[in-house]
Amino acid sequence: MLYLQKVKAEEEDVLHNIMQFYIYEFSKYIPDIRLEQDGVYKPFILEKYWDSDNFHAYFIKVDNELIGFGLVESATVSKPNSIEEFFIMAKHSGNGYGKKIAKELFEMFPGDWKITQIESNRPAYAFWHGLIKEITKENFTNRFEDGQYIQEFNTDKIT
């Protein structure tokens, strides 16, 4: 069974561990990403996911196996919802898990959304553009700006 599990503050090390695989995969799109002297990638600063009501960290699991994560910033008065980081382990990609989990996140945080991908990450662009096009029935904006693809849409009327 595929599901999301909220990451607890005491599980931050586990999130950092799986993020190493994410950073490794992402390094092919951003050549400046390098291993630190201790052989690991510089960790993300994650405190906001436990200190703020607008930031949410989730593990993505199949049965009991950790297969990815999703980091979400939920909407405020001045900002839409956004997926900050999203990752499914290569072993599990292509199974529809990312699509299903992204739809679940959109349902958890209804309203306006803004999703971005860097220009060089064509697989991410194809994934998000295709999914958003499907779920919104092409009712979204898509633009390229400052080296990023940006999709904006609303999930209030999506079933």
# chains A, B, ... in the order shown; residues from 1 in each chain; ligands from 1

call {"tool": "residues_around", "arguments": {"residues": "A:Gly68", "least_positions_apart": "3", "cutoff": "6 Å", "atoms": "only C-alpha atoms", "output": "list in words"}}
result
Phe59, Ile60, Phe87, Ile88 and Met89 of chain A

call {"tool": "write_last_selection", "arguments": {"atoms": "N, CA and C atoms", "output": "compact mmCIF listing (two decimals), in the first residue's frame"}}
result
# COMPACT_ATOMS: atom_id res chain seq x y z
N PHE A 59 7.26 11.47 4.42
CA PHE A 59 7.89 10.32 3.81
C PHE A 59 6.87 9.70 2.86
N ILE A 60 7.36 9.14 1.77
CA ILE A 60 6.51 8.37 0.86
C ILE A 60 6.92 6.91 1.06
N PHE A 87 10.58 13.54 -4.32
CA PHE A 87 11.53 12.51 -4.76
C PHE A 87 10.95 11.11 -4.57
N ILE A 88 11.11 10.31 -5.61
CA ILE A 88 10.81 8.88 -5.56
C ILE A 88 12.10 8.16 -5.98
N MET A 89 12.51 7.18 -5.20
CA MET A 89 13.72 6.41 -5.52
C MET A 89 13.60 5.79 -6.90

call {"tool": "residues_around", "arguments": {"residues": "stretch 5-15 of chain A", "least_positions_apart": "5", "cutoff": "8 Å", "atoms": "only C-alpha atoms", "output": "list in words"}}
result
Leu46, Trp50, His56, Ala57, Tyr58, Phe59, Ile60, Lys61 and Phe69 of chain A

call {"tool": "select_by_dssp", "arguments": {"residues": "stretch 40-125 of chain A", "states": "strand (DSSP E or B)", "output": "PyMOL selection string"}}
result
chain A and resi 41+55-62+65-73+81-88+112-118

call {"tool": "closest_atom_pairs", "arguments": {"of": "stretch 67-87 of chain A", "to": "stretch 116-125 of chain A", "cutoff": "12 Å", "atoms": "only C-alpha atoms", "output": "tab-separated table"}}
result
residue	atom	partner	partner_atom	distance
A:Asn81	CA	A:Thr116	CA	11.5
A:Ser82	CA	A:Thr116	CA	8.3
A:Ile83	CA	A:Thr116	CA	8.1
A:Glu84	CA	A:Thr116	CA	8.5
A:Glu85	CA	A:Thr116	CA	9.8
A:Phe86	CA	A:Ala124	CA	9.6
A:Phe87	CA	A:Ala124	CA	10.0

call {"tool": "closest_residue", "arguments": {"among": "A:His16, A:Arg143, A:Tyr3, A:Lys137", "to": "A:Glu47", "atoms": "only C-alpha atoms"}}
result
A:His16

call {"tool": "closest_residue", "arguments": {"among": "A:Ala126, A:Asn154, A:Tyr41, A:Ile23", "to": "A:Glu138", "atoms": "only C-alpha atoms"}}
result
A:Asn154

call {"tool": "closest_residue", "arguments": {"among": "A:Asn17, A:Ser93, A:Gln37, A:Thr76", "to": "A:Phe55", "atoms": "only C-alpha atoms"}}
result
A:Thr76

call {"tool": "closest_residue", "arguments": {"among": "A:Ile135, A:Asn95, A:Asn64, A:Ala90", "to": "A:Glu25", "atoms": "only C-alpha atoms"}}
result
A:Ala90

call {"tool": "closest_residue", "arguments": {"among": "A:Tyr49, A:Asp156, A:Val72, A:Leu35", "to": "A:Leu105", "atoms": "only C-alpha atoms"}}
result
A:Val72

call {"tool": "closest_residue", "arguments": {"among": "A:Lys157, A:Arg34, A:Lys91, A:Lys114", "to": "A:Lys79", "atoms": "only C-alpha atoms"}}
result
A:Lys114
